[in-house]
$ cat data.pdb   # PDB, C-alpha atoms
ATOM      1  CA  MET A 248      10.631  -7.350 -25.925  1.00  0.00           C
ATOM      2  CA  LEU A 249      12.942  -4.473 -25.049  1.00  0.00           C
ATOM      3  CA  ASP A 250      14.180  -4.218 -28.663  1.00  0.00           C
ATOM      4  CA  LYS A 251      10.618  -3.996 -29.907  1.00  0.00           C
ATOM      5  CA  GLU A 252       9.724  -1.273 -27.398  1.00  0.00           C
ATOM      6  CA  ALA A 253      12.874   0.652 -28.280  1.00  0.00           C
ATOM      7  CA  ALA A 254      12.008   0.435 -31.973  1.00  0.00           C
ATOM      8  CA  GLU A 255       8.517   1.770 -31.312  1.00  0.00           C
ATOM      9  CA  ALA A 256       9.979   4.601 -29.264  1.00  0.00           C
ATOM     10  CA  GLU A 257      12.286   5.450 -32.193  1.00  0.00           C
ATOM     11  CA  VAL A 258       9.249   5.648 -34.480  1.00  0.00           C
ATOM     12  CA  MET A 259       7.581   8.021 -32.001  1.00  0.00           C
ATOM     13  CA  ARG A 260      10.701  10.152 -31.960  1.00  0.00           C
ATOM     14  CA  GLY A 261      10.491  10.433 -35.737  1.00  0.00           C
ATOM     15  CA  LYS A 262       6.950  11.778 -35.349  1.00  0.00           C
ATOM     16  CA  GLY A 263       8.198  14.661 -33.244  1.00  0.00           C
ATOM     17  CA  GLU A 264       7.546  13.180 -29.791  1.00  0.00           C
ATOM     18  CA  SER A 265      10.299  13.432 -27.193  1.00  0.00           C
ATOM     19  CA  VAL A 266      11.540  10.237 -25.552  1.00  0.00           C
ATOM     20  CA  SER A 267      12.942   9.871 -22.038  1.00  0.00           C
ATOM     21  CA  ARG A 268      16.181   8.062 -21.217  1.00  0.00           C
ATOM     22  CA  SER A 269      14.171   4.981 -20.281  1.00  0.00           C
ATOM     23  CA  GLY A 270      12.698   4.870 -23.793  1.00  0.00           C
ATOM     24  CA  ALA A 271       9.280   6.186 -22.723  1.00  0.00           C
ATOM     25  CA  ALA A 272       7.528   8.514 -25.133  1.00  0.00           C
ATOM     26  CA  ARG A 273       6.637  11.860 -23.633  1.00  0.00           C
ATOM     27  CA  ARG A 274       3.299  13.164 -24.873  1.00  0.00           C
ATOM     28  CA  PRO A 275       2.693  16.899 -25.222  1.00  0.00           C
ATOM     29  CA  ASP A 276      -0.474  16.765 -23.078  1.00  0.00           C
ATOM     30  CA  PRO A 277       0.269  14.520 -20.073  1.00  0.00           C
ATOM     31  CA  VAL A 278      -1.594  14.610 -16.749  1.00  0.00           C
ATOM     32  CA  LEU A 279      -0.761  14.457 -13.064  1.00  0.00           C
ATOM     33  CA  THR A 280       0.944  11.167 -12.143  1.00  0.00           C
ATOM     34  CA  GLY A 281       3.906   9.823 -10.239  1.00  0.00           C
ATOM     35  CA  GLY A 282       3.960  12.877  -7.974  1.00  0.00           C
ATOM     36  CA  LYS A 283       4.816  15.160 -10.923  1.00  0.00           C
ATOM     37  CA  THR A 284       2.695  18.144 -11.949  1.00  0.00           C
ATOM     38  CA  ARG A 285       1.812  18.097 -15.626  1.00  0.00           C
ATOM     39  CA  SER A 286      -0.237  20.291 -17.890  1.00  0.00           C
ATOM     40  CA  VAL A 287      -3.593  18.506 -18.216  1.00  0.00           C
ATOM     41  CA  LYS A 288      -5.974  18.338 -15.271  1.00  0.00           C
ATOM     42  CA  PRO A 289      -7.240  14.800 -14.550  1.00  0.00           C
ATOM     43  CA  ASN A 290     -10.904  14.138 -15.265  1.00  0.00           C
ATOM     44  CA  ARG A 291     -13.131  11.175 -14.540  1.00  0.00           C
ATOM     45  CA  ARG A 292     -12.200   9.413 -17.748  1.00  0.00           C
ATOM     46  CA  SER A 293      -8.473   9.806 -17.129  1.00  0.00           C
ATOM     47  CA  GLU A 294      -8.870   8.585 -13.555  1.00  0.00           C
ATOM     48  CA  GLU A 295     -10.707   5.481 -14.796  1.00  0.00           C
ATOM     49  CA  THR A 296      -7.944   4.868 -17.331  1.00  0.00           C
ATOM     50  CA  ILE A 297      -5.261   5.189 -14.665  1.00  0.00           C
ATOM     51  CA  SER A 298      -7.211   2.815 -12.399  1.00  0.00           C
ATOM     52  CA  SER A 299      -7.438   0.258 -15.221  1.00  0.00           C
ATOM     53  CA  ILE A 300      -3.701   0.507 -15.838  1.00  0.00           C
ATOM     54  CA  LEU A 301      -2.911   0.095 -12.132  1.00  0.00           C
ATOM     55  CA  ARG A 302      -5.202  -2.937 -11.843  1.00  0.00           C
ATOM     56  CA  ALA A 303      -3.490  -4.468 -14.841  1.00  0.00           C
ATOM     57  CA  THR A 304      -0.101  -3.651 -13.343  1.00  0.00           C
ATOM     58  CA  GLU A 305      -0.957  -5.607 -10.205  1.00  0.00           C
ATOM     59  CA  GLU A 306      -1.948  -8.663 -12.236  1.00  0.00           C
ATOM     60  CA  VAL A 307       1.198  -8.507 -14.356  1.00  0.00           C
ATOM     61  CA  VAL A 308       3.474  -7.990 -11.352  1.00  0.00           C
ATOM     62  CA  LEU A 309       1.887 -10.888  -9.472  1.00  0.00           C
ATOM     63  CA  LEU A 310       2.296 -13.096 -12.514  1.00  0.00           C
ATOM     64  CA  SER A 311       5.742 -12.124 -13.774  1.00  0.00           C
ATOM     65  CA  GLY A 312       7.389 -10.056 -11.036  1.00  0.00           C
ATOM     66  CA  ALA A 313       8.342  -6.387 -11.052  1.00  0.00           C
ATOM     67  CA  ASP A 314      11.698  -6.813 -12.802  1.00  0.00           C
ATOM     68  CA  ARG A 315      10.202  -8.385 -15.911  1.00  0.00           C
ATOM     69  CA  ILE A 316       7.060  -6.275 -16.169  1.00  0.00           C
ATOM     70  CA  SER A 317       6.101  -5.576 -19.781  1.00  0.00           C
ATOM     71  CA  ILE A 318       4.423  -2.305 -20.641  1.00  0.00           C
ATOM     72  CA  LEU A 319       2.877  -3.964 -23.684  1.00  0.00           C
ATOM     73  CA  GLU A 320       1.356  -6.653 -21.469  1.00  0.00           C
ATOM     74  CA  VAL A 321      -0.004  -4.041 -19.066  1.00  0.00           C
ATOM     75  CA  CYS A 322      -1.540  -2.116 -21.970  1.00  0.00           C
ATOM     76  CA  LYS A 323      -3.131  -5.251 -23.389  1.00  0.00           C
ATOM     77  CA  LEU A 324      -4.645  -6.277 -20.059  1.00  0.00           C
ATOM     78  CA  ALA A 325      -5.865  -2.738 -19.327  1.00  0.00           C
ATOM     79  CA  GLY A 326      -7.314  -2.367 -22.826  1.00  0.00           C
ATOM     80  CA  VAL A 327      -5.354   0.785 -23.664  1.00  0.00           C
ATOM     81  CA  SER A 328      -2.860   1.707 -26.362  1.00  0.00           C
ATOM     82  CA  ARG A 329       0.800   2.431 -25.717  1.00  0.00           C
ATOM     83  CA  GLY A 330       0.124   6.045 -26.639  1.00  0.00           C
ATOM     84  CA  THR A 331      -2.553   6.260 -23.933  1.00  0.00           C
ATOM     85  CA  PHE A 332      -0.234   4.612 -21.430  1.00  0.00           C
ATOM     86  CA  TYR A 333       2.540   7.129 -22.071  1.00  0.00           C
ATOM     87  CA  ARG A 334       0.108   9.966 -21.607  1.00  0.00           C
ATOM     88  CA  TYR A 335      -0.094   9.057 -17.922  1.00  0.00           C
ATOM     89  CA  PHE A 336       3.204   7.310 -17.155  1.00  0.00           C
ATOM     90  CA  SER A 337       6.619   8.294 -18.393  1.00  0.00           C
ATOM     91  CA  SER A 338       8.343   4.948 -17.827  1.00  0.00           C
ATOM     92  CA  GLN A 339       8.203   1.556 -16.157  1.00  0.00           C
ATOM     93  CA  GLU A 340       9.733   3.114 -13.040  1.00  0.00           C
ATOM     94  CA  ASP A 341       7.062   5.803 -12.965  1.00  0.00           C
ATOM     95  CA  LEU A 342       4.373   3.125 -13.269  1.00  0.00           C
ATOM     96  CA  LEU A 343       5.750   1.007 -10.418  1.00  0.00           C
ATOM     97  CA  ASP A 344       6.213   4.057  -8.193  1.00  0.00           C
ATOM     98  CA  THR A 345       2.626   5.153  -8.766  1.00  0.00           C
ATOM     99  CA  PHE A 346       1.403   1.595  -8.226  1.00  0.00           C
ATOM    100  CA  SER A 347       3.192   1.434  -4.838  1.00  0.00           C
ATOM    101  CA  ARG A 348       1.629   4.706  -3.690  1.00  0.00           C
ATOM    102  CA  HIS A 349      -1.770   3.547  -4.926  1.00  0.00           C
ATOM    103  CA  LYS A 350      -1.590   0.323  -2.885  1.00  0.00           C
ATOM    104  CA  ARG A 351      -0.386   2.206   0.194  1.00  0.00           C
ATOM    105  CA  ASP A 352      -3.172   4.801  -0.043  1.00  0.00           C
ATOM    106  CA  ASP A 353      -5.775   2.093  -0.674  1.00  0.00           C
ATOM    107  CA  PHE A 354      -4.656   0.201   2.449  1.00  0.00           C
ATOM    108  CA  HIS A 355      -5.028   3.295   4.603  1.00  0.00           C
ATOM    109  CA  GLN A 356      -8.319   4.370   3.014  1.00  0.00           C
ATOM    110  CA  VAL A 357      -9.927   0.991   3.659  1.00  0.00           C
ATOM    111  CA  LEU A 358      -8.687   1.149   7.253  1.00  0.00           C
ATOM    112  CA  LEU A 359     -10.217   4.611   7.669  1.00  0.00           C
ATOM    113  CA  ASN A 360     -13.526   3.542   6.136  1.00  0.00           C
ATOM    114  CA  THR A 361     -13.647   0.475   8.361  1.00  0.00           C
ATOM    115  CA  VAL A 362     -13.097   2.090  11.756  1.00  0.00           C
ATOM    116  CA  SER A 363     -13.682   5.848  11.553  1.00  0.00           C
ATOM    117  CA  THR A 364     -17.443   5.631  12.137  1.00  0.00           C
ATOM    118  CA  VAL A 365     -17.035   3.469  15.262  1.00  0.00           C
ATOM    119  CA  GLU A 366     -17.131   5.821  18.254  1.00  0.00           C
ATOM    120  CA  GLU A 367     -16.923   3.445  21.230  1.00  0.00           C
ATOM    121  CA  PRO A 368     -13.274   2.697  22.118  1.00  0.00           C
ATOM    122  CA  GLU A 369     -13.571  -1.067  22.629  1.00  0.00           C
ATOM    123  CA  ALA A 370     -15.685  -1.443  19.489  1.00  0.00           C
ATOM    124  CA  ARG A 371     -13.145   0.581  17.484  1.00  0.00           C
ATOM    125  CA  LEU A 372     -10.322  -1.638  18.713  1.00  0.00           C
ATOM    126  CA  ASN A 373     -12.304  -4.695  17.649  1.00  0.00           C
ATOM    127  CA  ALA A 374     -12.966  -3.128  14.241  1.00  0.00           C
ATOM    128  CA  PHE A 375      -9.255  -2.380  13.877  1.00  0.00           C
ATOM    129  CA  ILE A 376      -8.308  -5.964  14.734  1.00  0.00           C
ATOM    130  CA  SER A 377     -10.910  -7.280  12.291  1.00  0.00           C
ATOM    131  CA  PHE A 378      -9.400  -5.078   9.592  1.00  0.00           C
ATOM    132  CA  ILE A 379      -5.939  -6.560  10.228  1.00  0.00           C
ATOM    133  CA  ASP A 380      -7.391 -10.066  10.209  1.00  0.00           C
ATOM    134  CA  ASP A 381      -9.223  -9.477   6.917  1.00  0.00           C
ATOM    135  CA  TYR A 382      -6.145  -7.886   5.354  1.00  0.00           C
ATOM    136  CA  LEU A 383      -3.944 -10.853   6.198  1.00  0.00           C
ATOM    137  CA  GLU A 384      -6.620 -13.258   4.974  1.00  0.00           C
ATOM    138  CA  GLN A 385      -7.276 -11.535   1.646  1.00  0.00           C
ATOM    139  CA  SER A 386      -4.044  -9.697   0.920  1.00  0.00           C
ATOM    140  CA  ARG A 387      -1.933 -10.660  -2.074  1.00  0.00           C
ATOM    141  CA  ALA A 388       1.175  -9.381  -0.326  1.00  0.00           C
ATOM    142  CA  ARG A 389       2.492 -12.912   0.196  1.00  0.00           C
ATOM    143  CA  ARG A 390       2.223 -13.632  -3.514  1.00  0.00           C
ATOM    144  CA  LEU A 391       4.014 -10.363  -4.261  1.00  0.00           C
ATOM    145  CA  LEU A 392       6.762 -11.373  -1.849  1.00  0.00           C
ATOM    146  CA  VAL A 393       7.260 -14.634  -3.767  1.00  0.00           C
ATOM    147  CA  VAL A 394       7.312 -13.265  -7.320  1.00  0.00           C
ATOM    148  CA  ALA A 395       8.944  -9.875  -6.621  1.00  0.00           C
ATOM    149  CA  PRO A 396      10.755 -10.043  -3.261  1.00  0.00           C
ATOM    150  CA  GLU A 397      12.895  -6.934  -3.710  1.00  0.00           C
ATOM    151  CA  TYR A 398       9.930  -4.854  -4.847  1.00  0.00           C
ATOM    152  CA  ALA A 399       7.739  -6.235  -2.020  1.00  0.00           C
ATOM    153  CA  LEU A 400      10.317  -5.422   0.654  1.00  0.00           C
ATOM    154  CA  GLY A 401      10.684  -1.922  -0.775  1.00  0.00           C
ATOM    155  CA  PHE A 402       6.905  -1.503  -0.588  1.00  0.00           C
ATOM    156  CA  PHE A 403       6.837  -2.656   3.046  1.00  0.00           C
ATOM    157  CA  ARG A 404       9.564  -0.154   3.913  1.00  0.00           C
ATOM    158  CA  ARG A 405       7.613   2.537   2.124  1.00  0.00           C
ATOM    159  CA  ILE A 406       4.407   2.060   4.114  1.00  0.00           C
ATOM    160  CA  PHE A 407       6.050   1.360   7.465  1.00  0.00           C
ATOM    161  CA  HIS A 408       6.388   4.819   9.041  1.00  0.00           C
ATOM    162  CA  ASP A 409       3.253   6.171   7.397  1.00  0.00           C
ATOM    163  CA  SER A 410       1.267   3.253   8.819  1.00  0.00           C
ATOM    164  CA  ILE A 411       2.528   4.012  12.326  1.00  0.00           C
ATOM    165  CA  LEU A 412       1.076   7.520  12.037  1.00  0.00           C
ATOM    166  CA  ARG A 413      -2.178   6.275  10.496  1.00  0.00           C
ATOM    167  CA  PHE A 414      -2.605   3.648  13.207  1.00  0.00           C
ATOM    168  CA  GLN A 415      -2.134   6.300  15.896  1.00  0.00           C
ATOM    169  CA  ASP A 416      -4.802   8.497  14.308  1.00  0.00           C
ATOM    170  CA  THR A 417      -7.153   5.547  13.875  1.00  0.00           C
ATOM    171  CA  LEU A 418      -6.794   4.384  17.474  1.00  0.00           C
ATOM    172  CA  ASP A 419      -6.796   7.835  19.087  1.00  0.00           C
ATOM    173  CA  ILE A 420     -10.024   7.306  21.040  1.00  0.00           C
ATOM    174  CA  VAL A 421      -8.791   3.887  22.154  1.00  0.00           C
ATOM    175  CA  PHE A 422      -5.535   5.343  23.484  1.00  0.00           C
ATOM    176  CA  ASP A 423      -7.410   8.227  25.137  1.00  0.00           C
ATOM    177  CA  ASP A 424      -9.600   5.702  26.944  1.00  0.00           C
ATOM    178  CA  TRP A 425      -6.602   3.633  28.068  1.00  0.00           C
ATOM    179  CA  ASP A 426      -4.722   6.720  29.251  1.00  0.00           C
ATOM    180  CA  ALA A 427      -7.715   7.792  31.354  1.00  0.00           C
ATOM    181  CA  ARG A 428      -8.237   4.358  32.876  1.00  0.00           C
ATOM    182  CA  LEU A 429      -4.565   3.671  33.600  1.00  0.00           C
ATOM    183  CA  GLY A 430      -3.690   7.191  34.712  1.00  0.00           C
ATOM    184  CA  VAL A 431      -0.578   7.313  32.504  1.00  0.00           C
ATOM    185  CA  LYS A 432       0.408   8.493  29.049  1.00  0.00           C
ATOM    186  CA  LEU A 433       1.012   5.446  26.872  1.00  0.00           C
ATOM    187  CA  ASP A 434       3.746   5.293  24.257  1.00  0.00           C
ATOM    188  CA  ARG A 435       1.367   5.299  21.305  1.00  0.00           C
ATOM    189  CA  GLU A 436       4.050   5.399  18.663  1.00  0.00           C
ATOM    190  CA  LEU A 437       5.793   2.331  20.070  1.00  0.00           C
ATOM    191  CA  ILE A 438       2.566   0.358  20.348  1.00  0.00           C
ATOM    192  CA  CYS A 439       1.602   1.139  16.753  1.00  0.00           C
ATOM    193  CA  GLU A 440       5.108   0.335  15.550  1.00  0.00           C
ATOM    194  CA  MET A 441       4.891  -3.103  17.165  1.00  0.00           C
ATOM    195  CA  ILE A 442       1.493  -3.697  15.594  1.00  0.00           C
ATOM    196  CA  ILE A 443       2.686  -2.919  12.054  1.00  0.00           C
ATOM    197  CA  ARG A 444       5.761  -5.067  12.673  1.00  0.00           C
ATOM    198  CA  TYR A 445       3.437  -7.865  13.753  1.00  0.00           C
ATOM    199  CA  VAL A 446       1.345  -7.502  10.607  1.00  0.00           C
ATOM    200  CA  LEU A 447       4.459  -7.643   8.416  1.00  0.00           C
ATOM    201  CA  SER A 448       5.744 -10.676  10.288  1.00  0.00           C
ATOM    202  CA  GLU A 449       2.485 -12.477   9.534  1.00  0.00           C
ATOM    203  CA  VAL A 450       3.006 -11.700   5.850  1.00  0.00           C
ATOM    204  CA  LEU A 451       6.591 -12.960   5.945  1.00  0.00           C
ATOM    205  CA  VAL A 452       6.037 -15.962   8.221  1.00  0.00           C
ATOM    206  CA  PRO A 453       2.312 -16.818   8.334  1.00  0.00           C
ATOM    207  CA  GLU A 454       1.081 -18.978  11.209  1.00  0.00           C
ATOM    208  CA  ARG A 455      -1.481 -21.145   9.475  1.00  0.00           C
ATOM    209  CA  ALA A 456      -2.242 -23.327  12.492  1.00  0.00           C
ATOM    210  CA  GLY A 457      -3.321 -20.365  14.604  1.00  0.00           C
ATOM    211  CA  ARG A 458      -5.061 -18.383  11.868  1.00  0.00           C
ATOM    212  CA  ARG A 459      -8.481 -18.399  13.522  1.00  0.00           C
ATOM    213  CA  LEU A 460      -6.943 -17.237  16.791  1.00  0.00           C
ATOM    214  CA  LEU A 461      -5.366 -14.138  15.262  1.00  0.00           C
ATOM    215  CA  PRO A 462      -7.812 -11.602  16.813  1.00  0.00           C
ATOM    216  CA  VAL A 463      -7.163 -13.089  20.262  1.00  0.00           C
ATOM    217  CA  ARG A 464      -3.411 -13.018  19.701  1.00  0.00           C
ATOM    218  CA  VAL A 465      -3.506  -9.385  18.573  1.00  0.00           C
ATOM    219  CA  LYS A 466      -5.446  -8.421  21.700  1.00  0.00           C
ATOM    220  CA  ARG A 467      -2.866 -10.216  23.827  1.00  0.00           C
ATOM    221  CA  LEU A 468      -0.147  -8.305  21.989  1.00  0.00           C
ATOM    222  CA  PHE A 469      -1.934  -5.036  22.721  1.00  0.00           C
ATOM    223  CA  ALA A 470      -2.211  -5.958  26.407  1.00  0.00           C
ATOM    224  CA  SER A 471       1.492  -6.817  26.625  1.00  0.00           C
ATOM    225  CA  LEU A 472       2.522  -3.587  24.913  1.00  0.00           C
ATOM    226  CA  ILE A 473       0.268  -1.526  27.164  1.00  0.00           C
ATOM    227  CA  MET A 474       1.706  -3.074  30.321  1.00  0.00           C
ATOM    228  CA  GLY A 475       5.258  -2.566  29.074  1.00  0.00           C
ATOM    229  CA  SER A 476       4.552   1.023  28.111  1.00  0.00           C
ATOM    230  CA  THR A 477       2.949   1.654  31.497  1.00  0.00           C
ATOM    231  CA  SER A 478       5.961   0.261  33.354  1.00  0.00           C
ATOM    232  CA  ARG A 479       8.367   2.508  31.463  1.00  0.00           C
ATOM    233  CA  THR A 480       6.182   5.575  32.052  1.00  0.00           C
ATOM    234  CA  ARG A 481       6.043   5.038  35.814  1.00  0.00           C
ATOM    235  CA  ARG A 482       9.816   4.695  36.265  1.00  0.00           C
TER     236      ARG A 482
END
$ encode --input "data.pdb" --output "structure tokens"
Amino acid sequence: MLDKEAAEAEVMRGKGESVSRSGAARRPDPVLTGGKTRSVKPNRRSEETISSILRATEEVVLLSGADRISILEVCKLAGVSRGTFYRYFSSQEDLLDTFSRHKRDDFHQVLLNTVSTVEEPEARLNAFISFIDDYLEQSRARRLLVVAPEYALGFFRRIFHDSILRFQDTLDIVFDDWDARLGVKLDRELICEMIIRYVLSEVLVPERAGRRLLPVRVKRLFASLIMGSTSRTRR
């Protein structure tokens, strides 16, 4: 597979197209991707193409793993040519990096959409817990961990600190309510860190027997963290 891709890249080089060290053809009119500013402004069609490629990437990664991902297979599943692919992504590494950021941003956007319109503190906490429950129920993170463990662990590390900040923003009215009722300033960062660690632990070591009790267990975790944070604050 690699020999075939290298041969195709050599043909592209003969047509006057530059090729990166990874063998990826560099088109003269690329767009914004992988955190790099390029010359063509994305439009709706390009965004739909990128979305199709990223959806295909997820299917290929979940089937074959990240180490053995084939650009040709991604192109075939997404219904695009190799030339179109290389217009948006410079290499396999660029594709996987963009895919990781896409999954991270999607996780946080769904969280925001789920809870941001809920104004009552207790109801927002319940919406937040329901989001975690639904994520663990529907997420394909466990499958990713099986087929691409190194890539999955790298993804978890990548979202960890950002999720702590997002959780704090999401639960701001909940923390404000607790602070007012308890008369102390809670350690919000620590509480959110423990919650994201809990979510990741459920991905790594799922508790099937207690699956339906997850919302109750998360509330108990919140209560324990609040009491511990309160004790430290009052010392």
$ atom_distance --input "data.pdb" --atom1 "CA of Tyr335 in chain A" --atom2 "CA of His408 in chain A"
28.1 Å
$ closest_residue --input "data.pdb" --among "A:Lys350, A:Phe469, A:Tyr398, A:Val452" --to "Leu433 in chain A" --atoms "all atoms listed in the file"
A:Phe469
$ residues_around --input "data.pdb" --residues "Ile473 in chain A" --least-positions-apart "3" --cutoff "12 Å" --atoms "only C-alpha atoms" --output "mmCIF file with C-alpha atoms, in the coordinates of the input"
data_model
loop_
_atom_site.group_PDB
_atom_site.id
_atom_site.type_symbol
_atom_site.label_atom_id
_atom_site.label_comp_id
_atom_site.auth_asym_id
_atom_site.auth_seq_id
_atom_site.Cartn_x
_atom_site.Cartn_y
_atom_site.Cartn_z
ATOM 1 C CA VAL A 421 -8.791 3.887 22.154
ATOM 2 C CA PHE A 422 -5.535 5.343 23.484
ATOM 3 C CA TRP A 425 -6.602 3.633 28.068
ATOM 4 C CA ASP A 426 -4.722 6.720 29.251
ATOM 5 C CA ARG A 428 -8.237 4.358 32.876
ATOM 6 C CA LEU A 429 -4.565 3.671 33.600
ATOM 7 C CA VAL A 431 -0.578 7.313 32.504
ATOM 8 C CA LYS A 432 0.408 8.493 29.049
ATOM 9 C CA LEU A 433 1.012 5.446 26.872
ATOM 10 C CA ASP A 434 3.746 5.293 24.257
ATOM 11 C CA ARG A 435 1.367 5.299 21.305
ATOM 12 C CA GLU A 436 4.050 5.399 18.663
ATOM 13 C CA LEU A 437 5.793 2.331 20.070
ATOM 14 C CA ILE A 438 2.566 0.358 20.348
ATOM 15 C CA CYS A 439 1.602 1.139 16.753
ATOM 16 C CA MET A 441 4.891 -3.103 17.165
ATOM 17 C CA ILE A 442 1.493 -3.697 15.594
ATOM 18 C CA LYS A 466 -5.446 -8.421 21.700
ATOM 19 C CA ARG A 467 -2.866 -10.216 23.827
ATOM 20 C CA LEU A 468 -0.147 -8.305 21.989
ATOM 21 C CA PHE A 469 -1.934 -5.036 22.721
ATOM 22 C CA ALA A 470 -2.211 -5.958 26.407
ATOM 23 C CA SER A 476 4.552 1.023 28.111
ATOM 24 C CA THR A 477 2.949 1.654 31.497
ATOM 25 C CA SER A 478 5.961 0.261 33.354
ATOM 26 C CA ARG A 479 8.367 2.508 31.463
ATOM 27 C CA THR A 480 6.182 5.575 32.052
#
$ resolve_selection --input "data.pdb" --expression "the PyMOL selection byres ((chain A and resi 410) around 10)" --output "list in words"
Arg351, Phe354, His355, Phe403, Arg405, Ile406, Phe407, His408, Asp409, Ile411, Leu412, Arg413, Phe414, Gln415, Asp416, Cys439, Glu440, Ile442 and Ile443 of chain A
$ atom_distance --input "data.pdb" --atom1 "CA of Asp353 in chain A" --atom2 "CA of Leu418 in chain A"
18.3 Å
$ resolve_selection --input "data.pdb" --expression "the PyMOL selection byres ((chain A and resi 322-326) around 8)" --output "ChimeraX atom specification"
/A:299-300,302-303,318-321,327-329,332
$ resolve_selection --input "data.pdb" --expression "the PyMOL selection byres ((chain A and resi 380-396) around 6)" --output "list in words"
Leu309, Gly312, Ala313, Ser377, Phe378, Ile379, Glu397, Tyr398, Ala399 and Val450 of chain A
$ atom_distance --input "data.pdb" --atom1 "CA of Phe375 in chain A" --atom2 "CA of Leu358 in chain A"
7.5 Å
$ closest_residue --input "data.pdb" --among "A:Glu340, A:Thr417, A:Leu301, A:Glu294" --to "Arg315 in chain A" --atoms "only C-alpha atoms"
A:Glu340
$ closest_residue --input "data.pdb" --among "A:Val446, A:Leu451, A:Gly430, A:Arg371" --to "Arg464 in chain A" --atoms "only C-alpha atoms"
A:Val446
$ build_atoms --input "data.pdb" --residues "range 377-395 of chain A" --atoms "N, CA and C atoms" --output "PDB file, keeping the file's coordinate frame"
ATOM      1  N   SER A 377     -10.235  -6.582  13.394  1.00  0.00           N
ATOM      2  CA  SER A 377     -10.910  -7.280  12.291  1.00  0.00           C
ATOM      3  C   SER A 377     -10.341  -6.855  10.935  1.00  0.00           C
ATOM      4  N   PHE A 378     -10.015  -5.565  10.824  1.00  0.00           N
ATOM      5  CA  PHE A 378      -9.400  -5.078   9.592  1.00  0.00           C
ATOM      6  C   PHE A 378      -8.066  -5.778   9.336  1.00  0.00           C
ATOM      7  N   ILE A 379      -7.228  -5.876  10.367  1.00  0.00           N
ATOM      8  CA  ILE A 379      -5.939  -6.560  10.228  1.00  0.00           C
ATOM      9  C   ILE A 379      -6.144  -8.018   9.848  1.00  0.00           C
ATOM     10  N   ASP A 380      -7.100  -8.660  10.493  1.00  0.00           N
ATOM     11  CA  ASP A 380      -7.391 -10.066  10.209  1.00  0.00           C
ATOM     12  C   ASP A 380      -7.825 -10.248   8.761  1.00  0.00           C
ATOM     13  N   ASP A 381      -8.740  -9.391   8.299  1.00  0.00           N
ATOM     14  CA  ASP A 381      -9.223  -9.477   6.917  1.00  0.00           C
ATOM     15  C   ASP A 381      -8.095  -9.190   5.926  1.00  0.00           C
ATOM     16  N   TYR A 382      -7.253  -8.219   6.250  1.00  0.00           N
ATOM     17  CA  TYR A 382      -6.145  -7.886   5.354  1.00  0.00           C
ATOM     18  C   TYR A 382      -5.213  -9.080   5.179  1.00  0.00           C
ATOM     19  N   LEU A 383      -4.852  -9.714   6.276  1.00  0.00           N
ATOM     20  CA  LEU A 383      -3.944 -10.853   6.198  1.00  0.00           C
ATOM     21  C   LEU A 383      -4.592 -12.041   5.499  1.00  0.00           C
ATOM     22  N   GLU A 384      -5.903 -12.156   5.620  1.00  0.00           N
ATOM     23  CA  GLU A 384      -6.620 -13.258   4.974  1.00  0.00           C
ATOM     24  C   GLU A 384      -6.734 -13.053   3.472  1.00  0.00           C
ATOM     25  N   GLN A 385      -6.975 -11.811   3.049  1.00  0.00           N
ATOM     26  CA  GLN A 385      -7.276 -11.535   1.646  1.00  0.00           C
ATOM     27  C   GLN A 385      -6.120 -10.910   0.868  1.00  0.00           C
ATOM     28  N   SER A 386      -5.125 -10.426   1.581  1.00  0.00           N
ATOM     29  CA  SER A 386      -4.044  -9.697   0.920  1.00  0.00           C
ATOM     30  C   SER A 386      -3.261 -10.590  -0.041  1.00  0.00           C
ATOM     31  N   ARG A 387      -2.780  -9.964  -1.113  1.00  0.00           N
ATOM     32  CA  ARG A 387      -1.933 -10.660  -2.074  1.00  0.00           C
ATOM     33  C   ARG A 387      -0.460 -10.329  -1.840  1.00  0.00           C
ATOM     34  N   ALA A 388      -0.186  -9.781  -0.650  1.00  0.00           N
ATOM     35  CA  ALA A 388       1.175  -9.381  -0.326  1.00  0.00           C
ATOM     36  C   ALA A 388       2.120 -10.573  -0.306  1.00  0.00           C
ATOM     37  N   ARG A 389       1.625 -11.729   0.154  1.00  0.00           N
ATOM     38  CA  ARG A 389       2.492 -12.912   0.196  1.00  0.00           C
ATOM     39  C   ARG A 389       2.878 -13.355  -1.210  1.00  0.00           C
ATOM     40  N   ARG A 390       1.927 -13.282  -2.130  1.00  0.00           N
ATOM     41  CA  ARG A 390       2.223 -13.632  -3.514  1.00  0.00           C
ATOM     42  C   ARG A 390       3.246 -12.661  -4.096  1.00  0.00           C
ATOM     43  N   LEU A 391       3.069 -11.376  -3.792  1.00  0.00           N
ATOM     44  CA  LEU A 391       4.014 -10.363  -4.261  1.00  0.00           C
ATOM     45  C   LEU A 391       5.411 -10.640  -3.715  1.00  0.00           C
ATOM     46  N   LEU A 392       5.476 -11.083  -2.462  1.00  0.00           N
ATOM     47  CA  LEU A 392       6.762 -11.373  -1.849  1.00  0.00           C
ATOM     48  C   LEU A 392       7.466 -12.533  -2.560  1.00  0.00           C
ATOM     49  N   VAL A 393       6.686 -13.476  -3.084  1.00  0.00           N
ATOM     50  CA  VAL A 393       7.260 -14.634  -3.767  1.00  0.00           C
ATOM     51  C   VAL A 393       7.773 -14.255  -5.154  1.00  0.00           C
ATOM     52  N   VAL A 394       6.962 -13.529  -5.922  1.00  0.00           N
ATOM     53  CA  VAL A 394       7.312 -13.265  -7.320  1.00  0.00           C
ATOM     54  C   VAL A 394       8.200 -12.033  -7.483  1.00  0.00           C
ATOM     55  N   ALA A 395       8.142 -11.107  -6.522  1.00  0.00           N
ATOM     56  CA  ALA A 395       8.944  -9.875  -6.621  1.00  0.00           C
ATOM     57  C   ALA A 395       9.441  -9.487  -5.235  1.00  0.00           C
TER      58      ALA A 395
END
